[in-house]
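Here the structure comes first, spelled out in structure tokens, and everything after it is commentary.
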Amino acid sequence: MPSPKTWISAFRLRTLPLALSSVLMGGFLAVHDGGLRWQVTALTLLTTLLLQILSNLANDYGDSVKGTDNEKRVGPMRAMQSGEISHREMKSAVIVFAVLSLVSGIWLLDTAFTENLASILVFLLLGLAAIGAAVKYTVGKGAYGYSGLGDLFVFVFFGPVGVFGAYYLNTLSFEPAILLPAAASGMLSAGVLNLNNMRDIDNDLRSGKHTLAARLGYRKARLYQLLLVGGALLLVAVYVGLNYCSYGNLLFLLSIPLFAKDLIAIFKEPDKSRLDPFLKKLALTTFVFTLLFGLGMLLRL
């Protein structure tokens, strides 16, 4: 019987701040436009956390079943790879978190839309798509993470879907300009995945997992990383410029040295196996960036 500590490790807590960033981004934008609803935001955060844990567990299960998590894999030891959690136990956990995500999502939609059946159905379909995407990243014959589509799915669900979804659930309105910070959120999330895939290029290729980083190669994948992080900062700068009203809006600029420091270190690192610490750093820096951006949009300095 796996211990609670083993399950907590399998949840990969270091990924959770990144999962929350898109919801917080949408929430901050909703506050800026005067439409935040606290209960809706709390349920959105809960549903997002459950979906992220579901994705992590399904990823552990899928990579283990396919033999990708083997003795040659670099990075932290996975729960099933270590033998502490069996295939049956992990599969059961995936089912449990899929159900919890669905229940939480339905509760969220009922709270946000009350009797607006059309909106409930649209967001229910998005929720089911998010659950499916969380599982199908590595599970099954058509696992999209093995064909280089992981970056696209991460961008979509951690960017436009996550930010627009959180904003709309609070405000019940649509603002096209939000696509800029939404895309930035998705690009930074894709950056974390790209770092993970850069670290695992050699073992992934041996295991038949053709991620975008593996297709690009280590050198080009680092340039892609620069494009993702630099592009995200540029998009937010454009959004702030279009909506500028005070010096406080520039608060997000304080995060640039954090991004730059890690990018420089990544470009100087010839050993892919030593990239693992940068995953946590980028996830936390993205979280800090989101907080600074959000607070900056609310300040009237």
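In the structure tokens, each chain is lettered A, B, ... as it comes, each chain's residues begin at 1, and ligands are numbered from 1 in order of appearance.
Using only C-alpha atoms, the residues found no farther than 10 Å from Gly27 (chain A), other than those of its own chain fewer than 2 positions away, are Ser21, Ser22, Val23, Leu24, Met25, Leu29, Ala30, Val31, His32, Asp33, Gly35, Leu36, Arg37, Trp38, Val40, Thr41, Thr44, Leu45, Val163, Phe164, Gly165, Ala166, Tyr167, Tyr168, Leu169, Asn170, Thr171 and Gly294 of chain A.
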Now that the selection is made, can you save its residues with C-alpha atoms as an mmCIF file, in the first residue's frame?
```
data_model
loop_
_atom_site.group_PDB
_atom_site.id
_atom_site.type_symbol
_atom_site.label_atom_id
_atom_site.label_comp_id
_atom_site.auth_asym_id
_atom_site.auth_seq_id
_atom_site.Cartn_x
_atom_site.Cartn_y
_atom_site.Cartn_z
ATOM 1 C CA SER A 21 -0.941 30.811 -13.166
ATOM 2 C CA SER A 22 -3.447 30.788 -16.033
ATOM 3 C CA VAL A 23 -6.410 30.897 -13.641
ATOM 4 C CA LEU A 24 -4.840 33.703 -11.646
ATOM 5 C CA MET A 25 -4.103 35.582 -14.875
ATOM 6 C CA LEU A 29 -7.978 40.503 -15.589
ATOM 7 C CA ALA A 30 -11.516 39.958 -14.309
ATOM 8 C CA VAL A 31 -10.785 42.114 -11.247
ATOM 9 C CA HIS A 32 -9.354 44.796 -13.521
ATOM 10 C CA ASP A 33 -12.632 44.787 -15.473
ATOM 11 C CA GLY A 35 -16.135 41.219 -12.605
ATOM 12 C CA LEU A 36 -14.461 38.908 -10.080
ATOM 13 C CA ARG A 37 -16.633 36.399 -8.218
ATOM 14 C CA TRP A 38 -14.735 34.768 -5.347
ATOM 15 C CA VAL A 40 -16.285 30.996 -8.948
ATOM 16 C CA THR A 41 -12.554 31.741 -8.760
ATOM 17 C CA THR A 44 -11.868 27.307 -10.884
ATOM 18 C CA LEU A 45 -8.627 26.980 -8.914
ATOM 19 C CA VAL A 163 -7.125 32.427 -19.095
ATOM 20 C CA PHE A 164 -10.202 33.096 -21.234
ATOM 21 C CA GLY A 165 -12.118 30.467 -19.294
ATOM 22 C CA ALA A 166 -11.300 31.974 -15.895
ATOM 23 C CA TYR A 167 -12.094 35.467 -17.192
ATOM 24 C CA TYR A 168 -15.426 34.489 -18.762
ATOM 25 C CA LEU A 169 -16.558 32.419 -15.788
ATOM 26 C CA ASN A 170 -16.139 35.528 -13.630
ATOM 27 C CA THR A 171 -17.324 38.288 -15.944
ATOM 28 C CA GLY A 294 -1.914 41.064 -12.035
#
```
Give me the residues near Asp110 (chain A) as number ranges by chain, where near means some atom within 12 Å (using only C-alpha atoms) and where sequence neighbours in that chain fewer than 3 positions away do not count.
A: 39-40, 43-44, 103-107, 113-121, 123-124, 169
Figure out the distance between CA of Val161 (chain A) and CA of Asn243 (chain A), please, to one decimal in Å.
21.8 Å
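Among A:Leu57, A:Gly127, A:Ala133, A:Gly150, the residue with the shortest atom-to-atom distance to Ser92 (chain A), counting only C-alpha atoms, is A:Leu57.
You will find CA of Leu233 (chain A) at 21.4 Å from CA of Ala213 (chain A).
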Could you list, as a short mmCIF file (atom, residue, chain, number, x, y, z; two decimals) with C-alpha atoms, in the first residue's frame, every residue within 10 Å of Val288 (chain A), counting only C-alpha atoms and ignoring same-chain residues fewer than 2 positions away?
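Listed below is the output, selection12.cif:
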```
data_model
loop_
_atom_site.label_atom_id
_atom_site.label_comp_id
_atom_site.auth_asym_id
_atom_site.auth_seq_id
_atom_site.Cartn_x
_atom_site.Cartn_y
_atom_site.Cartn_z
CA PRO A 17 2.06 26.85 -9.34
CA LEU A 18 2.26 26.73 -13.13
CA SER A 21 -0.94 30.81 -13.17
CA PHE A 252 5.81 42.71 -14.38
CA LEU A 254 10.70 43.02 -12.34
CA SER A 255 10.46 39.38 -13.43
CA LEU A 258 14.69 36.06 -13.36
CA LEU A 282 10.54 28.52 -14.69
CA ALA A 283 7.29 27.32 -13.11
CA LEU A 284 7.89 29.51 -10.04
CA THR A 285 9.11 32.47 -12.11
CA THR A 286 5.95 32.20 -14.24
CA THR A 290 1.64 36.37 -13.13
CA LEU A 291 1.32 37.89 -9.66
CA LEU A 292 3.39 40.93 -10.65
CA PHE A 293 1.39 41.42 -13.85
CA GLY A 294 -1.91 41.06 -12.04
#
```
Hey, which of A:Leu180, A:Gly186, A:Gly217, A:Ala260 ends up closest to Val240 (chain A)? Count only C-alpha atoms.
A:Leu180
Excluding Arg199 (chain A) and any residue of its chain fewer than 3 positions from it, enumerate the residues within 7 Å of it, using only C-alpha atoms, and give them as an mmCIF file with N, CA and C atoms, in the first residue's frame.
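part11.cif, written as the output of this step:
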```cif
data_model
loop_
_atom_site.group_PDB
_atom_site.id
_atom_site.type_symbol
_atom_site.label_atom_id
_atom_site.label_comp_id
_atom_site.auth_asym_id
_atom_site.auth_seq_id
_atom_site.Cartn_x
_atom_site.Cartn_y
_atom_site.Cartn_z
ATOM 1 N N LEU A 195 11.493 22.389 -21.591
ATOM 2 C CA LEU A 195 12.653 22.081 -20.752
ATOM 3 C C LEU A 195 12.640 20.612 -20.333
ATOM 4 N N ASN A 196 11.471 20.127 -19.952
ATOM 5 C CA ASN A 196 11.328 18.723 -19.578
ATOM 6 C C ASN A 196 11.721 17.820 -20.743
ATOM 7 N N LYS A 272 22.371 18.031 -21.163
ATOM 8 C CA LYS A 272 20.907 18.032 -21.078
ATOM 9 C C LYS A 272 20.401 17.488 -19.747
ATOM 10 N N SER A 273 21.104 16.552 -19.186
ATOM 11 C CA SER A 273 20.647 15.900 -17.953
ATOM 12 C C SER A 273 20.639 16.847 -16.756
ATOM 13 N N LEU A 275 19.345 19.902 -16.770
ATOM 14 C CA LEU A 275 18.326 20.925 -16.966
ATOM 15 C C LEU A 275 17.171 20.834 -15.959
ATOM 16 N N ASP A 276 17.080 19.735 -15.221
ATOM 17 C CA ASP A 276 15.906 19.518 -14.364
ATOM 18 C C ASP A 276 15.604 20.675 -13.403
#
```
Taking only C-alpha atoms into account, name the residue in A:Ala214, A:His87, A:Ser173, A:Phe28 that is nearest to Leu299 (chain A).
A:Phe28
Identify, on the basis of only C-alpha atoms, every residue whose closest approach to Leu227 (chain A) does not exceed 12 Å; exclude the query and any residue fewer than 6 positions from it along the same chain; express the result as a VMD selection string.
chain A and resid 184 187 to 188 190 to 191 194 220 to 221 233 to 235 263
Check the smallest atom-to-atom distance from each of A:Met297, A:Ala98, A:Val156, A:Ala79 to Leu128 (chain A) using only C-alpha atoms, then report the winner.
A:Ala98
From region 73-253 of chain A, collect each residue whose DSSP state is helix (DSSP H, G or I) and return the set as number ranges by chain.
A: 79-82, 87-113, 117-136, 144-147, 150-158, 160-171, 176-199, 201-206, 212-216, 218-242, 247-253
For C-alpha atoms, I'd like the residues from the last selection saved as a compact mmCIF listing (two decimals), in the first residue's frame.
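Result went into selection.txt, see below:
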```txt
# COMPACT_ATOMS: atom_id res chain seq x y z
CA ALA A 79 6.31 6.77 -8.71
CA MET A 80 5.67 3.75 -10.94
CA GLN A 81 9.26 3.69 -12.14
CA SER A 82 10.38 3.24 -8.53
CA HIS A 87 0.00 -0.12 -12.51
CA ARG A 88 -3.38 -1.05 -11.03
CA GLU A 89 -3.08 1.48 -8.22
CA MET A 90 -2.03 4.29 -10.57
CA LYS A 91 -4.81 3.47 -13.02
CA SER A 92 -7.32 3.62 -10.17
CA ALA A 93 -5.90 6.99 -9.06
CA VAL A 94 -6.27 8.34 -12.63
CA ILE A 95 -9.94 7.30 -12.64
CA VAL A 96 -10.53 8.86 -9.21
CA PHE A 97 -9.03 12.21 -10.20
CA ALA A 98 -10.88 12.19 -13.52
CA VAL A 99 -14.15 11.81 -11.59
CA LEU A 100 -13.14 14.46 -9.04
CA SER A 101 -12.23 16.86 -11.85
CA LEU A 102 -15.59 16.27 -13.52
CA VAL A 103 -17.55 16.76 -10.29
CA SER A 104 -15.63 19.91 -9.42
CA GLY A 105 -16.10 21.22 -12.95
CA ILE A 106 -19.87 20.64 -12.88
CA TRP A 107 -20.08 22.37 -9.49
CA LEU A 108 -18.12 25.29 -10.95
CA LEU A 109 -20.41 25.59 -13.99
CA ASP A 110 -23.55 25.42 -11.90
CA THR A 111 -22.19 28.21 -9.68
CA ALA A 112 -21.01 30.38 -12.57
CA PHE A 113 -23.97 30.05 -14.94
CA LEU A 117 -27.88 25.83 -20.14
CA ALA A 118 -26.07 26.85 -23.36
CA SER A 119 -23.03 28.19 -21.49
CA ILE A 120 -23.01 25.16 -19.19
CA LEU A 121 -22.96 22.78 -22.17
CA VAL A 122 -20.17 24.70 -23.96
CA PHE A 123 -17.93 24.76 -20.88
CA LEU A 124 -18.81 21.17 -20.02
CA LEU A 125 -17.48 20.13 -23.41
CA LEU A 126 -14.32 22.16 -22.76
CA GLY A 127 -13.98 20.47 -19.39
CA LEU A 128 -14.35 17.02 -20.89
CA ALA A 129 -11.77 17.97 -23.53
CA ALA A 130 -9.40 19.09 -20.75
CA ILE A 131 -9.85 15.76 -18.94
CA GLY A 132 -9.26 13.88 -22.18
CA ALA A 133 -6.16 15.96 -22.95
CA ALA A 134 -4.79 15.35 -19.45
CA VAL A 135 -5.08 11.58 -19.91
CA LYS A 136 -4.20 11.21 -23.60
CA TYR A 144 -0.30 12.97 -28.60
CA GLY A 145 2.76 13.57 -26.41
CA TYR A 146 4.57 10.87 -28.39
CA SER A 147 3.99 12.61 -31.74
CA GLY A 150 2.32 18.17 -26.41
CA ASP A 151 3.50 21.76 -26.76
CA LEU A 152 0.39 22.72 -28.73
CA PHE A 153 -2.01 21.18 -26.22
CA VAL A 154 -0.20 22.77 -23.28
CA PHE A 155 -0.28 26.16 -25.01
CA VAL A 156 -4.01 25.89 -25.71
CA PHE A 157 -5.18 24.64 -22.31
CA PHE A 158 -2.77 26.65 -20.15
CA PRO A 160 -6.32 30.73 -24.22
CA VAL A 161 -8.60 28.11 -22.62
CA GLY A 162 -7.31 28.63 -19.09
CA VAL A 163 -7.12 32.43 -19.09
CA PHE A 164 -10.20 33.10 -21.23
CA GLY A 165 -12.12 30.47 -19.29
CA ALA A 166 -11.30 31.97 -15.90
CA TYR A 167 -12.09 35.47 -17.19
CA TYR A 168 -15.43 34.49 -18.76
CA LEU A 169 -16.56 32.42 -15.79
CA ASN A 170 -16.14 35.53 -13.63
CA THR A 171 -17.32 38.29 -15.94
CA PRO A 176 -10.46 39.99 -27.46
CA ALA A 177 -7.39 41.86 -26.13
CA ILE A 178 -7.04 39.23 -23.40
CA LEU A 179 -5.69 36.91 -26.08
CA LEU A 180 -2.31 38.63 -25.60
CA PRO A 181 -1.71 37.72 -21.92
CA ALA A 182 -3.55 34.42 -22.49
CA ALA A 183 -1.10 33.47 -25.24
CA ALA A 184 1.80 34.57 -22.99
CA SER A 185 0.59 32.24 -20.25
CA GLY A 186 0.39 29.36 -22.71
CA MET A 187 3.87 30.06 -24.09
CA LEU A 188 5.47 30.04 -20.65
CA SER A 189 3.73 26.77 -19.82
CA ALA A 190 4.96 25.30 -23.09
CA GLY A 191 8.42 26.50 -22.05
CA VAL A 192 8.30 24.32 -18.94
CA LEU A 193 7.28 21.31 -21.04
CA ASN A 194 10.05 22.08 -23.54
CA LEU A 195 12.65 22.08 -20.75
CA ASN A 196 11.33 18.72 -19.58
CA ASN A 197 11.54 17.35 -23.10
CA MET A 198 15.01 18.80 -23.70
CA ARG A 199 16.23 17.00 -20.59
CA ILE A 201 15.67 13.96 -25.57
CA ASP A 202 18.01 10.98 -25.65
CA ASN A 203 15.83 8.55 -23.69
CA ASP A 204 12.65 9.72 -25.44
CA LEU A 205 14.14 8.97 -28.86
CA ARG A 206 15.23 5.52 -27.70
CA LEU A 212 9.01 18.64 -30.41
CA ALA A 213 12.31 19.08 -28.56
CA ALA A 214 13.47 15.67 -29.80
CA ARG A 215 12.53 16.61 -33.36
CA LEU A 216 14.32 19.96 -33.11
CA TYR A 218 19.08 20.28 -28.32
CA ARG A 219 20.48 23.41 -30.02
CA LYS A 220 17.28 24.41 -31.82
CA ALA A 221 15.16 23.48 -28.80
CA ARG A 222 17.07 26.08 -26.78
CA LEU A 223 16.30 28.70 -29.45
CA TYR A 224 12.66 27.61 -29.27
CA GLN A 225 12.82 28.12 -25.49
CA LEU A 226 14.08 31.67 -26.03
CA LEU A 227 11.23 32.30 -28.47
CA LEU A 228 8.64 31.06 -25.98
CA VAL A 229 9.87 33.10 -23.01
CA GLY A 230 10.80 36.21 -24.98
CA GLY A 231 7.58 36.07 -26.98
CA ALA A 232 5.49 35.79 -23.81
CA LEU A 233 7.11 38.87 -22.31
CA LEU A 234 6.65 40.79 -25.55
CA LEU A 235 2.94 39.93 -25.76
CA VAL A 236 2.33 41.10 -22.20
CA ALA A 237 4.30 44.29 -22.88
CA VAL A 238 2.03 44.99 -25.87
CA TYR A 239 -1.10 44.37 -23.76
CA VAL A 240 0.16 46.66 -21.00
CA GLY A 241 1.01 49.31 -23.57
CA LEU A 242 -2.51 49.16 -24.98
CA TYR A 247 3.54 53.17 -13.57
CA GLY A 248 2.20 50.25 -11.55
CA ASN A 249 1.30 48.49 -14.79
CA LEU A 250 5.03 47.99 -15.41
CA LEU A 251 5.49 45.87 -12.29
CA PHE A 252 5.81 42.71 -14.38
CA LEU A 253 9.16 44.00 -15.69
```
If I take CA of Ser86 (chain A) and CA of Leu46 (chain A), how far is one from the other in Å, to one decimal?
26.8 Å
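Here the question is which of A:His210, A:Gly83, A:Ala19, A:Ser55 gets nearest to Pro2 (chain A) using only C-alpha atoms, and that residue is A:Gly83.
For the residues A:Arg14, A:Lys5, A:Lys141, A:Lys261, ranking by smallest atom-to-atom distance to Lys280 (chain A) using only C-alpha atoms places A:Arg14 first.
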